[in-house]
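Colleague: File protein.cif below, mmCIF, C-alpha atoms:
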data_final
#
loop_
_atom_site.label_atom_id
_atom_site.label_comp_id
_atom_site.auth_asym_id
_atom_site.auth_seq_id
_atom_site.Cartn_x
_atom_site.Cartn_y
_atom_site.Cartn_z
CA MET A 2 97.56 105.92 89.48
CA PRO A 3 94.23 104.58 90.75
CA TYR A 4 94.25 101.20 92.42
CA GLU A 5 91.71 98.83 93.89
CA PRO A 6 91.68 99.04 97.69
CA PRO A 7 92.38 95.85 99.64
CA THR A 8 89.48 93.86 101.06
CA HIS A 9 88.70 91.18 103.62
CA THR A 10 87.71 88.69 100.91
CA VAL A 11 90.54 86.21 101.55
CA GLU A 12 90.15 86.45 105.32
CA ARG A 13 86.40 85.87 105.07
CA SER A 14 87.06 82.82 102.88
CA ILE A 15 89.55 81.39 105.37
CA ARG A 16 87.14 81.95 108.24
CA ALA A 17 84.27 80.34 106.36
CA THR A 18 86.17 77.27 105.14
CA THR A 19 88.40 76.54 108.14
CA GLY A 20 86.57 77.98 111.11
CA ALA A 21 89.55 80.20 111.94
CA ARG A 22 88.71 83.05 114.27
CA THR A 23 92.02 84.91 114.30
CA VAL A 24 93.76 85.51 110.98
CA ALA A 25 97.08 87.33 110.69
CA GLY A 26 98.42 89.05 107.60
CA VAL A 27 102.18 88.69 107.11
CA ASP A 28 104.53 90.64 104.84
CA GLU A 29 108.27 91.15 104.62
CA VAL A 30 110.60 93.95 103.63
CA GLY A 31 114.33 93.92 103.00
CA ARG A 32 114.62 90.69 101.03
CA GLY A 33 116.52 92.37 98.19
CA ALA A 34 118.74 94.69 100.23
CA TRP A 35 122.53 94.50 100.41
CA ALA A 36 122.60 95.64 104.03
CA GLY A 37 120.41 95.45 107.10
CA PRO A 38 117.96 92.83 108.32
CA VAL A 39 114.99 91.28 106.64
CA THR A 40 111.93 92.42 108.57
CA VAL A 41 108.54 90.75 108.85
CA CYS A 42 105.34 92.19 110.29
CA ALA A 43 102.38 90.11 111.39
CA ALA A 44 99.15 92.09 111.74
CA ILE A 45 95.68 91.15 112.96
CA THR A 46 92.94 93.49 111.85
CA GLY A 47 89.65 91.64 112.24
CA LEU A 48 87.01 92.59 109.71
CA ARG A 49 86.81 96.30 110.41
CA ARG A 50 86.93 99.02 107.77
CA PRO A 51 90.55 100.06 107.21
CA PRO A 52 91.96 103.60 107.30
CA GLU A 53 91.51 105.56 104.09
CA GLY A 54 94.24 105.00 101.51
CA LEU A 55 95.57 101.69 102.81
CA THR A 56 97.34 99.62 100.15
CA ASP A 57 100.65 97.91 99.48
CA SER A 58 103.44 100.05 100.93
CA LYS A 59 105.25 100.11 97.57
CA LEU A 60 102.32 101.99 96.03
CA LEU A 61 102.56 104.76 98.61
CA THR A 62 104.99 107.65 98.72
CA PRO A 63 107.40 107.74 101.67
CA ARG A 64 105.49 110.69 103.07
CA ARG A 65 102.14 108.92 102.84
CA ARG A 66 103.59 105.77 104.41
CA ALA A 67 104.96 107.82 107.29
CA GLU A 68 101.56 109.43 107.82
CA LEU A 69 99.66 106.15 107.62
CA GLU A 70 101.92 104.00 109.77
CA PRO A 71 101.06 105.47 113.22
CA VAL A 72 97.37 105.37 112.27
CA LEU A 73 97.71 101.68 111.46
CA ARG A 74 99.57 100.92 114.67
CA ASN A 75 96.60 102.27 116.60
CA TRP A 76 93.97 100.77 114.29
CA VAL A 77 95.08 97.13 114.05
CA THR A 78 93.88 94.69 116.67
CA ALA A 79 97.50 93.60 117.18
CA PHE A 80 100.82 93.56 115.37
CA ALA A 81 104.35 92.38 115.97
CA LEU A 82 107.65 92.70 114.13
CA GLY A 83 110.44 90.19 113.66
CA ASP A 84 113.91 90.64 112.18
CA ALA A 85 116.60 88.31 110.89
CA SER A 86 120.04 89.89 110.94
CA PRO A 87 122.51 90.04 108.05
CA GLN A 88 124.59 87.41 109.85
CA GLU A 89 121.57 85.10 110.15
CA ILE A 90 120.79 85.63 106.47
CA ASP A 91 124.38 84.69 105.58
CA ASP A 92 124.39 81.66 107.86
CA LEU A 93 120.93 80.29 107.08
CA GLY A 94 120.08 81.54 103.59
CA MET A 95 117.23 83.91 102.83
CA THR A 96 114.39 81.38 102.88
CA ALA A 97 115.25 80.14 106.36
CA ALA A 98 115.95 83.70 107.54
CA LEU A 99 112.52 84.80 106.33
CA ARG A 100 110.93 81.98 108.28
CA LEU A 101 112.92 82.94 111.38
CA ALA A 102 111.81 86.57 111.15
CA ALA A 103 108.19 85.59 110.46
CA VAL A 104 108.07 83.17 113.40
CA ARG A 105 109.51 85.87 115.65
CA ALA A 106 106.76 88.22 114.50
CA LEU A 107 103.96 85.68 114.85
CA GLU A 108 105.14 84.56 118.26
CA GLY A 109 105.29 88.19 119.32
CA LEU A 110 101.54 88.59 118.86
CA PRO A 111 99.42 88.52 122.03
CA VAL A 112 97.36 85.68 120.58
CA ARG A 113 98.44 82.84 118.30
CA PRO A 114 96.60 83.18 114.96
CA ASP A 115 94.53 80.28 113.69
CA ALA A 116 95.60 81.04 110.12
CA VAL A 117 98.09 83.22 108.26
CA ILE A 118 97.75 85.10 104.99
CA LEU A 119 101.24 85.25 103.53
CA ASP A 120 102.13 87.64 100.73
CA GLY A 121 103.58 85.93 97.65
CA LYS A 122 103.42 82.49 96.12
CA HIS A 123 105.98 80.68 98.28
CA ASP A 124 105.10 79.40 101.75
CA TYR A 125 108.34 79.98 103.64
CA LEU A 126 106.57 79.39 106.98
CA GLY A 127 105.33 75.83 106.67
CA VAL A 128 104.06 73.66 109.53
CA PRO A 129 102.72 74.06 112.13
CA TRP A 130 101.35 77.33 110.74
CA LYS A 131 98.21 77.17 108.61
CA VAL A 132 99.13 79.36 105.66
CA ARG A 133 97.26 80.77 102.68
CA THR A 134 99.66 82.32 100.17
CA VAL A 135 98.28 85.17 98.07
CA ILE A 136 100.19 86.70 95.16
CA LYS A 137 100.11 90.48 95.61
CA GLY A 138 98.39 89.96 98.93
CA ASP A 139 99.85 93.26 100.06
CA GLN A 140 97.56 94.92 97.50
CA SER A 141 94.47 92.76 97.88
CA CYS A 142 94.27 91.77 101.57
CA ILE A 143 93.72 94.35 104.27
CA ALA A 144 95.73 92.60 106.99
CA VAL A 145 98.69 92.02 104.67
CA ALA A 146 98.58 95.61 103.40
CA ALA A 147 98.66 96.87 106.99
CA ALA A 148 101.61 94.59 107.74
CA SER A 149 103.45 95.83 104.63
CA VAL A 150 103.21 99.49 105.64
CA ILE A 151 104.20 98.91 109.25
CA ALA A 152 107.15 96.71 108.25
CA LYS A 153 108.39 99.12 105.58
CA VAL A 154 108.29 102.22 107.76
CA HIS A 155 109.88 100.36 110.68
CA ARG A 156 112.77 99.04 108.62
CA ASP A 157 113.35 102.31 106.73
CA ARG A 158 113.51 104.16 110.04
CA MET A 159 115.88 101.56 111.48
CA MET A 160 118.23 101.88 108.51
CA ALA A 161 118.17 105.69 108.60
CA GLU A 162 119.02 105.65 112.32
CA LEU A 163 121.81 103.18 111.67
CA GLY A 164 123.31 105.43 109.02
CA ALA A 165 123.13 108.44 111.32
CA ALA A 166 124.49 106.70 114.42
CA SER A 167 127.40 104.76 112.95
CA GLU A 168 130.53 106.41 111.55
CA ASP A 169 131.12 103.28 109.46
CA CYS A 170 127.77 103.73 107.68
CA GLY A 171 127.74 107.45 107.02
CA ASP A 172 128.83 107.20 103.38
CA PHE A 173 126.29 104.55 102.41
CA ALA A 174 123.20 106.82 102.43
CA PHE A 175 121.05 104.31 104.26
CA ASP A 176 118.58 107.11 104.97
CA ALA A 177 117.90 107.27 101.22
CA ASN A 178 118.32 103.67 100.07
CA ALA A 179 117.54 101.64 103.25
CA GLY A 180 120.39 99.28 102.39
CA TYR A 181 119.17 98.54 98.86
CA PRO A 182 121.31 98.92 95.73
CA SER A 183 121.95 102.48 94.61
CA PRO A 184 124.84 104.30 92.90
CA VAL A 185 125.88 105.94 96.18
CA HIS A 186 125.72 102.64 98.01
CA ARG A 187 127.84 100.87 95.39
CA ALA A 188 130.40 103.70 95.32
CA ALA A 189 130.77 103.51 99.11
CA LEU A 190 131.18 99.75 98.93
CA GLU A 191 133.91 100.07 96.30
CA GLU A 192 135.76 102.61 98.42
CA ARG A 193 135.24 101.32 101.96
CA GLY A 194 134.09 97.73 101.62
CA PRO A 195 131.16 96.14 103.43
CA THR A 196 130.37 96.95 107.05
CA ALA A 197 129.18 94.63 109.80
CA HIS A 198 125.65 95.46 108.62
CA HIS A 199 126.14 94.11 105.09
CA ARG A 200 125.19 90.67 103.82
CA LEU A 201 128.42 88.95 102.90
CA SER A 202 126.90 86.07 100.95
CA TRP A 203 125.28 88.40 98.42
CA SER A 204 126.35 88.50 94.78
CA TYR A 205 127.12 92.25 94.81
CA LEU A 206 130.56 91.26 96.14
CA ASP A 207 131.28 89.49 92.84
CA GLY A 208 131.47 92.94 91.24
CA LEU A 209 133.86 94.33 93.86
CA PRO A 210 137.26 92.66 93.21
CA ARG A 211 138.91 94.49 96.09
CA TRP A 212 136.51 92.94 98.59
CA GLN A 213 135.69 89.57 97.06
CA HIS A 214 137.78 87.77 99.66
CA LEU A 215 135.14 88.69 102.27
CA LYS A 216 132.36 86.81 100.53
CA LYS A 217 130.75 83.98 102.49
CA VAL A 218 129.76 80.80 100.73
CA ARG A 219 126.09 79.99 101.06
CA ILE A 220 125.02 76.81 102.73
CA SER A 221 123.97 75.03 99.54
CA ALA A 222 123.41 75.47 95.83
CA GLU A 223 119.70 74.92 96.46
CA ALA A 224 119.58 77.77 98.96
CA ALA A 225 121.47 80.04 96.56
CA ALA A 226 119.00 79.23 93.78
CA LEU A 227 116.05 80.03 96.02
CA GLU A 228 117.56 83.38 96.95
CA SER A 229 118.94 84.51 93.59
CA GLY A 230 115.76 86.30 92.51
CA GLY A 231 115.36 89.82 93.79
CA GLN A 232 118.84 90.53 95.14
CA LEU A 233 119.45 93.37 92.76
CA GLY A 234 116.09 95.12 92.74
CA PHE A 235 115.50 98.67 93.86
CA GLU A 236 112.87 99.35 96.51
CA PHE A 237 113.12 102.91 97.80
#
Show the structure stored in the file as structure tokens.
Modeller:
Amino acid sequence: MPYEPPTHTVERSIRATTGARTVAGVDEVGRGAWAGPVTVCAAITGLRRPPEGLTDSKLLTPRRRAELEPVLRNWVTAFALGDASPQEIDDLGMTAALRLAAVRALEGLPVRPDAVILDGKHDYLGVPWKVRTVIKGDQSCIAVAAASVIAKVHRDRMMAELGAASEDCGDFAFDANAGYPSPVHRAALEERGPTAHHRLSWSYLDGLPRWQHLKKVRISAEAAALESGGQLGFEF
């Protein structure tokens, strides 16, 4: 399906209206998974022409993402990745865990950005970061699109390696589902229960009577409400 390529329009607007010189694009992956970390990439691209075919990682096939990701790593001015573990997600709630992962990514950059383009409508970063939220920014903004591809390939690879390296994870098919819901994943959960890499505050445990006793209570009803959207979505 044809799609409009991302542009530097938002970054140019931020530069013109705020005087920012360094603008980072930020995107996350793993928000809706049952297992594994949530991963955030912060990417600085400047205003150069992007590699051919760059767009939101979800619009690319796994093969095309894998081909594009090393090109992007060499093309971007700078990038950094940040993770929040399943345990941190359970302890803090998803919104706070996203902020933790994003701050880790931003602070991992060689230069502190003057402004941040954040994919989505919710600013989970907040002060002191100067944030412009953009709905579907991973499709429309070059820096965010680059961050989305790098984050997605990094996390998918991490989950595949985890599945291959750990005897406890072999039945969960993390190489195919990256920790997201799937029939194989659910069947393994019903049979074996969650591993140390699963999020124990997630509502999937409500449907697994044998393992419900392992569920962790979230820190507040407000946090649970903020996180309830997107837990059950597929993103392969």
Colleague: Just so the selection is clear, what residues does the PyMOL selection byres ((chain A and resi 209) around 12) cover here, as an MDAnalysis selection string?
Modeller: chainID A and resid 187:195 201 203:208 210:216
Colleague: Just so the selection is clear, what residues does the PyMOL selection byres ((chain A and resi 155-164) around 8) cover here, as a ChimeraX atom specification?
Modeller: /A:30-31,37,40,151-154,165-168,170-171,173-177,179-180
Colleague: Quick one: residues within 10 Å of Ser202 in chain A, only C-alpha atoms, excluding same-chain residues fewer than 3 positions away - as a VMD selection string?
Modeller: chain A and resid 35 87 to 88 90 to 92 94 199 205 to 207 215 to 220 225
Colleague: Which residue is closest to Glu68 in chain A? Choose from A:Gly33, A:Leu101, A:Val150, A:Leu107 and count all atoms listed in the file.
Modeller: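 Result for the nearest residue to Glu68 in chain A: A:Val150.
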Colleague: Grab the CA of Gln140 in chain A to CA of Leu69 in chain A distance for me, in Å with one decimal place.
Modeller: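 These atoms are spaced 15.3 Å apart.
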Colleague: What is the CA of Gly121 in chain A-CA of Ile136 in chain A distance in Å, reported with one decimal?
Modeller: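 So the two atoms, CA of Gly121 in chain A and CA of Ile136 in chain A, lie 4.3 Å apart.
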Colleague: For the file shown, report as a list in words the outcome of the PyMOL selection byres ((chain A and resi 5) around 12) at residue level.
Modeller: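 This file gives the following for the PyMOL selection byres ((chain A and resi 5) around 12): Met2, Pro3, Tyr4, Pro6, Pro7, Thr8, Gly54, Leu55, Thr56, Asp57, Leu60, Lys137, Asp139, Gln140, Ser141, Cys142 and Ile143 of chain A.
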Colleague: Could you jot down the CA of Asp28 in chain A to CA of Asp169 in chain A separation for me, Å, one decimal place?
Modeller: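 Going from CA of Asp28 in chain A over to CA of Asp169 in chain A, I get 29.8 Å.
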Colleague: For each of A:Thr96, A:Ser86, A:Ser149, A:Thr10, take the minimum atom-to-atom distance to Arg74 in chain A, counting all atoms listed in the file, then give the residue where this is smallest.
Modeller: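 Looking at the shortest contact to Arg74 in chain A, the residue is A:Ser149.
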Colleague: In terms of the shortest atom-to-atom distance over all atoms listed in the file, which of A:Gly138, A:Lys122, A:Ala85, A:His186 is closest to Arg32 in chain A?
Modeller: A:Ala85
